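Asks: Structure in structure tokens, see below.
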Amino acid sequence: MQDPKILVIPGSLRTGSHNARLAALAAKELTLAEAEVTRISLEDFPLPIYDADLEAKSGPPANARRLKQMVEAHQGVFIVGPEYNASITPLVKNTIDWISRVRDDGEAPLAVFKRRVFALGAASPGRFGGMRSLMATRQVLEIGCGALVIPEQIAVTNAAAAFDDLDNLKDAQLASQLRTVVHRLIEVVRQVAWVEA
Ligand SMILES: Cc1cc2nc3c(=O)[nH]c(=O)nc-3n(C[C@H](O)[C@H](O)[C@H](O)COP(=O)(O)O)c2cc1C
């Protein structure tokens with residue numbers, strides 16, 4: 001198999017986002033592990049809040065189709081998103097909801113999720129590190145969309161103080177945990193490619 005293609009999606013648009021920082025570090029580690037990485041910003045794919053009337057009138061927006069194509073072009077997806085009120089953020093949920101509504105001719109429902117491997121990360125200034133957001137996102141992807149989400153994940157607590165000047169994680173254990181997630185994602189992508197070949 002060629003180098004696995006991994007899409008990295010930071011789940012925050014905020015200037016100075018901790019999750020965007022963690023996503024950038026994940027992308028760096030993935031590249032060091034010889035993956036072919038694309039890191040996007042959801043700022044480039046603005047979407048309205050999902051509305052069934054809007055969908056009935058004009059179908060999923062062009063950006064939902066573009067995002068689905070981005071996902072399709074990769075074998076693995078690493079989503080790094082914040083926690084809002086102990087759950088997934090509207091941005092990440094809305095993005096997944098719209099992608100789940102894009103269906104090409106003859107395509108089975110949610111096929112784009114079922115043929116890819118997902119990994120999750122979160123960063124929070126709080127003491128749970130976005131753990132509850134990770135749980136909610138896992139539920140949406142696994143149970144809602146039928147995706148394979150690897151069990152390894154990373155939750156960065158006290159995120160405002162977690163990175164050094166070079167944007168690396170200061171805590172050696174957390175840094176090692178991120179590398180574990182990255183290597184496991186690549187390993188499972190390779191295994192799935194082998195089974196499907
Ligand atoms: C509406 C709202 C709810 C939040 N709820 C939580 C929460 O439940 N747990 C948590 O750890 N942080 C919570 N936060 C704080 C976010 O983790 C913090 O704003 C974080 O910096 C957002 O991620 P970002 O830096 O990537 O933009 C909340 C923030 C907002 C705006």
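Ligands are numbered from 1 in the order shown, residues from 1 within each chain, and chains are lettered A, B, ... in the order they appear in the structure tokens.
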Counting only C-alpha atoms, what are the residues of region 118-169 of chain A within 9 Å of region 93-97 of chain A, and for each of them which pair of atoms is the nearest and at what distance in Å, to one decimal? Sort the table by chain and rising number, as a Markdown table.
Replies:
```
| residue | atom | partner | partner_atom | distance |
| --- | --- | --- | --- | --- |
| A:Thr137 | CA | A:Lys93 | CA | 7.8 |
| A:Val140 | CA | A:Lys93 | CA | 8.0 |
| A:Leu141 | CA | A:Ile96 | CA | 8.2 |
| A:Cys145 | CA | A:Ile96 | CA | 8.8 |
```
Asks: Generate a file of the selected residues that holds C-alpha atoms, formatted as a PDB file, in the first residue's frame.
Replies:
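Final output, saved to out29.pdb:
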```pdb
ATOM      1  CA  THR A 137     -18.180  12.401  18.949  1.00  0.00           C
ATOM      2  CA  VAL A 140     -22.090  10.111  16.638  1.00  0.00           C
ATOM      3  CA  LEU A 141     -19.493   8.498  14.371  1.00  0.00           C
ATOM      4  CA  CYS A 145     -22.706   6.852  11.116  1.00  0.00           C
TER       5      CYS A 145
END
```
Asks: Skip Trp194 (chain A) itself and residues of its chain fewer than 6 positions away, then list as a compact mmCIF listing (two decimals) with C-alpha atoms, in the first residue's frame all residues within 12 Å of it, counting only C-alpha atoms.
Replies:
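Result saved to around-v9.txt:
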```txt
# COMPACT_ATOMS: atom_id res chain seq x y z
CA MET A 1 0.00 0.00 0.00
CA GLN A 2 1.15 3.55 -0.72
CA PRO A 4 -1.90 6.22 3.83
CA GLU A 187 -1.80 0.73 11.31
CA VAL A 188 -5.59 0.24 11.18
```
Asks: Quick check for you: according to DSSP on this backbone, which residues of region 128-195 of chain A are classed as strand (DSSP E or B)? Reply as a PyMOL selection string.
Replies: chain A and resi 148-156+163+169
Asks: Next, the residues of the selection above should be written as a compact mmCIF listing (two decimals), in the first residue's frame with C-alpha atoms.
Replies:
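Written file, out04.txt:
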```txt
# COMPACT_ATOMS: atom_id res chain seq x y z
CA LEU A 148 -14.75 2.60 12.64
CA VAL A 149 -13.18 4.81 15.34
CA ILE A 150 -9.97 3.54 16.88
CA PRO A 151 -10.11 3.17 20.68
CA GLU A 152 -6.91 5.16 21.21
CA GLN A 153 -7.56 8.88 21.60
CA ILE A 154 -5.96 11.97 23.11
CA ALA A 155 -7.42 14.45 25.60
CA VAL A 156 -5.19 17.41 26.45
CA PHE A 163 2.25 23.46 24.56
CA LEU A 169 3.25 19.02 24.03
```
Asks: As an MDAnalysis selection string, please: the residues near Ala33 (chain A) (cut-off 8 Å, only C-alpha atoms, same-chain neighbours under 2 positions excluded).
Replies: chainID A and resid 29:31 35 182:183
Asks: May I have the residues within 6 Å of ligand 1, computed using only C-alpha atoms and all ligand atoms, as a compact mmCIF listing (two decimals) with C-alpha atoms, in the first residue's frame?
Replies:
```
# COMPACT_ATOMS: atom_id res chain seq x y z
CA SER A 12 -12.59 24.98 16.08
CA ARG A 14 -11.22 30.31 16.98
CA SER A 17 -7.54 27.56 19.11
CA HIS A 18 -5.98 24.88 21.34
CA ASN A 19 -7.60 22.22 19.19
CA ALA A 20 -6.19 23.69 15.99
CA PRO A 82 -13.32 21.10 21.66
CA GLU A 83 -15.92 20.29 24.29
CA TYR A 84 -18.94 22.55 24.73
CA ASN A 85 -21.21 21.96 27.71
CA ALA A 86 -19.89 18.44 28.19
CA SER A 124 -9.52 21.96 26.74
CA PRO A 125 -8.37 24.50 29.29
CA GLY A 126 -10.29 22.43 31.81
CA PHE A 128 -11.26 16.79 31.62
CA GLY A 129 -9.40 17.65 28.42
CA GLY A 130 -12.57 17.44 26.34
```
Asks: Separation of CA of Pro46 (chain A) and CA of Ala73 (chain A), in Å?
Replies: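 About the pair CA of Pro46 (chain A) and CA of Ala73 (chain A): they are 19.6 Å apart.
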Asks: Please return, as a compact mmCIF listing (two decimals) with N, CA, C and O atoms, in the first residue's frame, all residues of chain A that DSSP assigns to helix (DSSP H, G or I) on the basis of the backbone.
Replies:
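As a result, selection.txt now contains:
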```txt
# COMPACT_ATOMS: atom_id res chain seq x y z
N HIS A 18 -6.81 25.97 20.80
CA HIS A 18 -5.98 24.88 21.34
C HIS A 18 -6.14 23.62 20.48
O HIS A 18 -5.19 22.86 20.30
N ASN A 19 -7.35 23.43 19.98
CA ASN A 19 -7.60 22.22 19.19
C ASN A 19 -6.93 22.31 17.82
O ASN A 19 -6.44 21.31 17.30
N ALA A 20 -6.91 23.52 17.26
CA ALA A 20 -6.19 23.69 15.99
C ALA A 20 -4.69 23.43 16.21
O ALA A 20 -4.02 22.84 15.35
N ARG A 21 -4.20 23.83 17.37
CA ARG A 21 -2.79 23.60 17.71
C ARG A 21 -2.50 22.10 17.82
O ARG A 21 -1.50 21.60 17.30
N LEU A 22 -3.41 21.41 18.51
CA LEU A 22 -3.25 19.96 18.66
C LEU A 22 -3.38 19.26 17.30
O LEU A 22 -2.64 18.32 17.00
N ALA A 23 -4.29 19.76 16.47
CA ALA A 23 -4.47 19.18 15.13
C ALA A 23 -3.19 19.37 14.30
O ALA A 23 -2.78 18.47 13.56
N ALA A 24 -2.58 20.54 14.43
CA ALA A 24 -1.32 20.80 13.68
C ALA A 24 -0.23 19.84 14.14
O ALA A 24 0.55 19.32 13.33
N LEU A 25 -0.17 19.61 15.45
CA LEU A 25 0.84 18.68 15.97
C LEU A 25 0.54 17.25 15.51
O LEU A 25 1.46 16.50 15.14
N ALA A 26 -0.74 16.88 15.50
CA ALA A 26 -1.13 15.55 15.01
C ALA A 26 -0.72 15.40 13.55
O ALA A 26 -0.19 14.35 13.14
N ALA A 27 -0.93 16.45 12.77
CA ALA A 27 -0.55 16.41 11.35
C ALA A 27 0.96 16.23 11.21
O ALA A 27 1.44 15.45 10.37
N LYS A 28 1.72 16.91 12.08
CA LYS A 28 3.18 16.78 12.03
C LYS A 28 3.60 15.34 12.36
O LYS A 28 4.41 14.74 11.66
N GLU A 29 2.99 14.79 13.41
CA GLU A 29 3.33 13.41 13.80
C GLU A 29 2.93 12.41 12.72
O GLU A 29 3.64 11.43 12.48
N LEU A 30 1.80 12.66 12.08
CA LEU A 30 1.36 11.77 11.00
C LEU A 30 2.35 11.81 9.83
O LEU A 30 2.69 10.78 9.25
N THR A 31 2.82 13.01 9.52
CA THR A 31 3.80 13.15 8.43
C THR A 31 5.09 12.42 8.79
O THR A 31 5.67 11.72 7.96
N LEU A 32 5.53 12.57 10.06
CA LEU A 32 6.75 11.87 10.50
C LEU A 32 6.56 10.35 10.43
O LEU A 32 7.53 9.62 10.22
N LEU A 42 -12.25 24.25 8.78
CA LEU A 42 -13.68 24.29 8.45
C LEU A 42 -14.12 25.71 8.08
O LEU A 42 -15.22 25.91 7.57
N GLU A 43 -13.26 26.68 8.34
CA GLU A 43 -13.52 28.05 7.90
C GLU A 43 -13.69 28.10 6.38
O GLU A 43 -14.39 28.96 5.85
N ASP A 44 -12.99 27.19 5.69
CA ASP A 44 -13.05 27.17 4.22
C ASP A 44 -14.26 26.41 3.69
O ASP A 44 -14.44 26.30 2.48
N ALA A 52 -33.86 20.63 7.26
CA ALA A 52 -34.44 19.67 6.30
C ALA A 52 -35.18 20.37 5.18
O ALA A 52 -35.23 19.86 4.05
N ASP A 53 -35.77 21.55 5.47
CA ASP A 53 -36.48 22.28 4.40
C ASP A 53 -35.48 22.78 3.36
O ASP A 53 -35.72 22.70 2.15
N LEU A 54 -34.36 23.29 3.85
CA LEU A 54 -33.31 23.76 2.94
C LEU A 54 -32.81 22.60 2.08
O LEU A 54 -32.63 22.72 0.86
N GLU A 55 -32.62 21.47 2.73
CA GLU A 55 -32.14 20.28 2.00
C GLU A 55 -33.17 19.85 0.95
O GLU A 55 -32.80 19.52 -0.19
N ALA A 56 -34.45 19.88 1.33
CA ALA A 56 -35.50 19.46 0.39
C ALA A 56 -35.54 20.40 -0.80
O ALA A 56 -35.81 20.00 -1.94
N LYS A 57 -35.27 21.68 -0.55
CA LYS A 57 -35.36 22.68 -1.61
C LYS A 57 -34.17 22.62 -2.55
O LYS A 57 -34.32 22.60 -3.76
N SER A 58 -32.97 22.55 -1.98
CA SER A 58 -31.79 22.67 -2.87
C SER A 58 -30.73 21.61 -2.64
O SER A 58 -29.63 21.71 -3.19
N ALA A 62 -23.04 23.00 -1.46
CA ALA A 62 -21.81 22.62 -2.20
C ALA A 62 -20.68 22.29 -1.23
O ALA A 62 -19.89 21.37 -1.47
N ASN A 63 -20.59 23.02 -0.12
CA ASN A 63 -19.49 22.76 0.82
C ASN A 63 -19.63 21.41 1.52
O ASN A 63 -18.63 20.80 1.89
N ALA A 64 -20.86 20.95 1.70
CA ALA A 64 -21.06 19.60 2.27
C ALA A 64 -20.57 18.57 1.26
O ALA A 64 -19.92 17.58 1.64
N ARG A 65 -20.84 18.79 -0.01
CA ARG A 65 -20.37 17.87 -1.06
C ARG A 65 -18.84 17.90 -1.14
O ARG A 65 -18.20 16.86 -1.27
N ARG A 66 -18.28 19.11 -1.05
CA ARG A 66 -16.81 19.23 -1.11
C ARG A 66 -16.16 18.51 0.08
O ARG A 66 -15.15 17.83 -0.06
N LEU A 67 -16.78 18.67 1.25
CA LEU A 67 -16.22 18.01 2.44
C LEU A 67 -16.31 16.49 2.32
O LEU A 67 -15.37 15.78 2.66
N LYS A 68 -17.43 16.03 1.81
CA LYS A 68 -17.56 14.57 1.62
C LYS A 68 -16.48 14.08 0.66
O LYS A 68 -15.86 13.03 0.89
N GLN A 69 -16.24 14.85 -0.40
CA GLN A 69 -15.20 14.45 -1.36
C GLN A 69 -13.82 14.45 -0.71
O GLN A 69 -12.99 13.58 -0.98
N MET A 70 -13.60 15.43 0.19
CA MET A 70 -12.32 15.46 0.92
C MET A 70 -12.16 14.18 1.75
O MET A 70 -11.10 13.57 1.76
N VAL A 71 -13.24 13.82 2.45
CA VAL A 71 -13.19 12.60 3.27
C VAL A 71 -12.95 11.38 2.37
O VAL A 71 -12.12 10.52 2.66
N GLU A 72 -13.66 11.35 1.25
CA GLU A 72 -13.54 10.21 0.31
C GLU A 72 -12.12 10.05 -0.23
O GLU A 72 -11.69 8.94 -0.52
N PRO A 90 -21.33 22.34 18.18
CA PRO A 90 -22.25 22.44 17.03
C PRO A 90 -21.50 22.39 15.70
O PRO A 90 -22.00 21.82 14.74
N LEU A 91 -20.32 22.98 15.65
CA LEU A 91 -19.56 23.01 14.39
C LEU A 91 -19.25 21.59 13.92
O LEU A 91 -19.48 21.24 12.75
N VAL A 92 -18.74 20.77 14.81
CA VAL A 92 -18.35 19.41 14.42
C VAL A 92 -19.60 18.57 14.12
O VAL A 92 -19.66 17.87 13.12
N LYS A 93 -20.62 18.70 14.97
CA LYS A 93 -21.85 17.91 14.76
C LYS A 93 -22.53 18.30 13.46
O LYS A 93 -22.97 17.44 12.68
N ASN A 94 -22.61 19.60 13.21
CA ASN A 94 -23.28 20.08 11.99
C ASN A 94 -22.52 19.62 10.75
O ASN A 94 -23.12 19.24 9.74
N THR A 95 -21.20 19.64 10.84
CA THR A 95 -20.38 19.19 9.70
C THR A 95 -20.65 17.71 9.42
O THR A 95 -20.87 17.31 8.27
N ILE A 96 -20.64 16.91 10.47
CA ILE A 96 -20.90 15.47 10.29
C ILE A 96 -22.33 15.26 9.77
O ILE A 96 -22.57 14.46 8.86
N ASP A 97 -23.28 16.01 10.32
CA ASP A 97 -24.68 15.85 9.89
C ASP A 97 -24.82 16.13 8.39
O ASP A 97 -25.45 15.37 7.66
N TRP A 98 -24.23 17.23 7.94
CA TRP A 98 -24.37 17.56 6.51
C TRP A 98 -23.67 16.52 5.64
O TRP A 98 -24.22 16.07 4.63
N ILE A 99 -22.47 16.10 6.04
CA ILE A 99 -21.77 15.09 5.22
C ILE A 99 -22.62 13.82 5.13
O ILE A 99 -22.70 13.18 4.08
N SER A 100 -23.28 13.50 6.26
CA SER A 100 -24.09 12.27 6.28
C SER A 100 -25.29 12.36 5.34
O SER A 100 -25.92 11.35 5.04
N ARG A 101 -25.63 13.55 4.90
CA ARG A 101 -26.78 13.73 4.01
C ARG A 101 -26.40 13.73 2.53
O ARG A 101 -27.28 13.76 1.67
N ALA A 111 -22.04 5.57 3.39
CA ALA A 111 -20.90 4.78 2.87
C ALA A 111 -19.57 5.48 3.13
O ALA A 111 -18.57 4.83 3.43
N VAL A 112 -19.58 6.79 3.04
CA VAL A 112 -18.32 7.53 3.21
C VAL A 112 -17.73 7.33 4.61
O VAL A 112 -16.51 7.33 4.80
N PHE A 113 -18.58 7.13 5.59
CA PHE A 113 -18.08 6.90 6.96
C PHE A 113 -17.63 5.45 7.15
O PHE A 113 -16.70 5.17 7.88
N LYS A 114 -18.36 4.54 6.49
CA LYS A 114 -18.13 3.12 6.75
C LYS A 114 -16.84 2.61 6.13
O LYS A 114 -16.36 1.56 6.50
N MET A 131 -12.81 15.24 27.33
CA MET A 131 -13.12 13.81 27.33
C MET A 131 -14.59 13.53 26.98
O MET A 131 -14.91 12.59 26.26
N ARG A 132 -15.49 14.39 27.47
CA ARG A 132 -16.91 14.13 27.20
C ARG A 132 -17.27 14.45 25.75
O ARG A 132 -18.16 13.82 25.16
N SER A 133 -16.55 15.38 25.17
CA SER A 133 -16.72 15.65 23.74
C SER A 133 -16.24 14.46 22.92
O SER A 133 -16.85 14.07 21.92
N LEU A 134 -15.13 13.86 23.36
CA LEU A 134 -14.62 12.67 22.67
C LEU A 134 -15.65 11.55 22.70
O LEU A 134 -15.88 10.87 21.71
N MET A 135 -16.29 11.38 23.88
CA MET A 135 -17.29 10.32 24.01
C MET A 135 -18.48 10.59 23.09
O MET A 135 -18.98 9.69 22.40
N ALA A 136 -18.92 11.85 23.06
CA ALA A 136 -20.09 12.20 22.24
C ALA A 136 -19.76 12.06 20.75
O ALA A 136 -20.57 11.55 19.96
N THR A 137 -18.56 12.48 20.37
CA THR A 137 -18.18 12.40 18.95
C THR A 137 -18.05 10.94 18.53
O THR A 137 -18.46 10.55 17.43
N ARG A 138 -17.51 10.15 19.43
CA ARG A 138 -17.40 8.70 19.15
C ARG A 138 -18.80 8.10 18.94
O ARG A 138 -19.02 7.29 18.04
N GLN A 139 -19.76 8.50 19.78
CA GLN A 139 -21.12 7.98 19.64
C GLN A 139 -21.73 8.37 18.28
O GLN A 139 -22.33 7.54 17.60
N VAL A 140 -21.54 9.64 17.92
CA VAL A 140 -22.09 10.11 16.64
C VAL A 140 -21.48 9.32 15.47
O VAL A 140 -22.20 8.85 14.58
N LEU A 141 -20.16 9.16 15.50
CA LEU A 141 -19.49 8.50 14.37
C LEU A 141 -19.75 6.99 14.35
O LEU A 141 -20.08 6.42 13.31
N GLU A 142 -19.61 6.35 15.51
CA GLU A 142 -19.72 4.89 15.54
C GLU A 142 -21.18 4.44 15.43
O GLU A 142 -21.53 3.63 14.57
N ILE A 143 -22.01 4.98 16.33
CA ILE A 143 -23.39 4.49 16.39
C ILE A 143 -24.26 5.19 15.34
O ILE A 143 -25.08 4.57 14.68
N GLY A 144 -24.03 6.49 15.18
CA GLY A 144 -24.84 7.24 14.21
C GLY A 144 -24.46 6.96 12.77
O GLY A 144 -25.33 6.81 11.91
N ALA A 159 -5.09 23.02 28.54
CA ALA A 159 -4.49 23.21 27.21
C ALA A 159 -3.74 24.53 27.06
O ALA A 159 -2.80 24.61 26.27
N ALA A 160 -4.15 25.55 27.82
CA ALA A 160 -3.50 26.86 27.67
C ALA A 160 -2.02 26.79 28.04
O ALA A 160 -1.21 27.59 27.56
N ALA A 161 -1.67 25.81 28.90
CA ALA A 161 -0.27 25.69 29.34
C ALA A 161 0.37 24.40 28.83
O ALA A 161 1.47 24.04 29.24
N ALA A 172 5.59 14.66 28.49
CA ALA A 172 6.14 13.56 27.68
C ALA A 172 5.13 12.43 27.50
O ALA A 172 5.05 11.81 26.44
N GLN A 173 4.35 12.20 28.55
CA GLN A 173 3.36 11.11 28.47
C GLN A 173 2.26 11.42 27.44
O GLN A 173 1.86 10.57 26.66
N LEU A 174 1.82 12.70 27.46
CA LEU A 174 0.80 13.10 26.48
C LEU A 174 1.35 13.06 25.06
O LEU A 174 0.67 12.63 24.12
N ALA A 175 2.60 13.51 24.92
CA ALA A 175 3.23 13.50 23.59
C ALA A 175 3.32 12.08 23.07
O ALA A 175 3.06 11.81 21.88
N SER A 176 3.66 11.15 23.97
CA SER A 176 3.75 9.75 23.58
C SER A 176 2.36 9.19 23.24
O SER A 176 2.20 8.40 22.31
N GLN A 177 1.35 9.66 23.98
CA GLN A 177 -0.03 9.21 23.71
C GLN A 177 -0.47 9.66 22.32
O GLN A 177 -1.10 8.90 21.59
N LEU A 178 -0.11 10.87 21.95
CA LEU A 178 -0.46 11.36 20.61
C LEU A 178 0.20 10.49 19.54
O LEU A 178 -0.43 10.09 18.56
N ARG A 179 1.46 10.15 19.77
CA ARG A 179 2.16 9.30 18.78
C ARG A 179 1.51 7.92 18.71
O ARG A 179 1.39 7.34 17.63
N THR A 180 1.04 7.42 19.86
CA THR A 180 0.35 6.12 19.86
C THR A 180 -0.92 6.18 19.01
O THR A 180 -1.19 5.29 18.20
N VAL A 181 -1.69 7.27 19.17
CA VAL A 181 -2.93 7.42 18.37
C VAL A 181 -2.59 7.46 16.88
O VAL A 181 -3.19 6.77 16.06
N VAL A 182 -1.58 8.26 16.56
CA VAL A 182 -1.17 8.44 15.16
C VAL A 182 -0.73 7.11 14.54
O VAL A 182 -1.16 6.73 13.44
N HIS A 183 0.10 6.37 15.26
CA HIS A 183 0.61 5.11 14.71
C HIS A 183 -0.49 4.06 14.61
O HIS A 183 -0.53 3.30 13.65
N ARG A 184 -1.38 4.07 15.58
CA ARG A 184 -2.49 3.11 15.54
C ARG A 184 -3.43 3.43 14.37
O ARG A 184 -3.91 2.52 13.68
N LEU A 185 -3.68 4.72 14.15
CA LEU A 185 -4.55 5.11 13.02
C LEU A 185 -3.95 4.60 11.71
O LEU A 185 -4.65 3.99 10.89
N ILE A 186 -2.67 4.83 11.53
CA ILE A 186 -2.01 4.38 10.29
C ILE A 186 -2.05 2.86 10.18
O ILE A 186 -2.34 2.30 9.11
N GLU A 187 -1.81 2.20 11.31
CA GLU A 187 -1.80 0.73 11.31
C GLU A 187 -3.18 0.18 10.91
O GLU A 187 -3.28 -0.73 10.07
N VAL A 188 -4.24 0.75 11.48
CA VAL A 188 -5.59 0.24 11.18
C VAL A 188 -5.98 0.58 9.74
O VAL A 188 -6.60 -0.23 9.05
N VAL A 189 -5.59 1.76 9.26
CA VAL A 189 -5.85 2.10 7.85
C VAL A 189 -5.20 1.05 6.94
O VAL A 189 -5.80 0.56 5.99
N ARG A 190 -3.97 0.68 7.26
CA ARG A 190 -3.27 -0.34 6.45
C ARG A 190 -3.98 -1.68 6.54
O ARG A 190 -4.12 -2.39 5.55
N GLN A 191 -4.45 -2.05 7.74
CA GLN A 191 -5.14 -3.34 7.90
C GLN A 191 -6.44 -3.35 7.10
O GLN A 191 -6.76 -4.33 6.42
N VAL A 192 -7.20 -2.25 7.16
CA VAL A 192 -8.47 -2.18 6.43
C VAL A 192 -8.20 -2.26 4.93
O VAL A 192 -8.89 -2.97 4.20
N ALA A 193 -7.16 -1.57 4.46
CA ALA A 193 -6.81 -1.61 3.03
C ALA A 193 -6.47 -3.03 2.62
O ALA A 193 -6.83 -3.49 1.55
N TRP A 194 -5.79 -3.75 3.50
CA TRP A 194 -5.38 -5.12 3.20
C TRP A 194 -6.60 -6.04 3.12
O TRP A 194 -6.74 -6.84 2.22
N VAL A 195 -7.53 -5.87 4.07
CA VAL A 195 -8.74 -6.72 4.10
C VAL A 195 -9.60 -6.45 2.85
O VAL A 195 -10.17 -7.35 2.27
N GLU A 196 -9.66 -5.17 2.44
CA GLU A 196 -10.53 -4.81 1.31
C GLU A 196 -9.89 -5.15 -0.03
O GLU A 196 -10.59 -5.21 -1.04
```
Asks: Would you compute the distance between CA of Ile9 (chain A) and CA of Asp105 (chain A)? Give it in Å to one decimal.
Replies: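 Atom-to-atom, CA of Ile9 (chain A) and CA of Asp105 (chain A) are spaced 26.3 Å apart.
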Asks: Could you check how far CA of Gly106 (chain A) sits from CA of Pro48 (chain A), in Å to one decimal?
Replies: 26.1 Å
Asks: Given the choices A:Val37, A:Ala197, A:Val117, A:Leu47, which gets closest to Asp3 (chain A) if the distance is worked out from only C-alpha atoms?
Replies: A:Val37
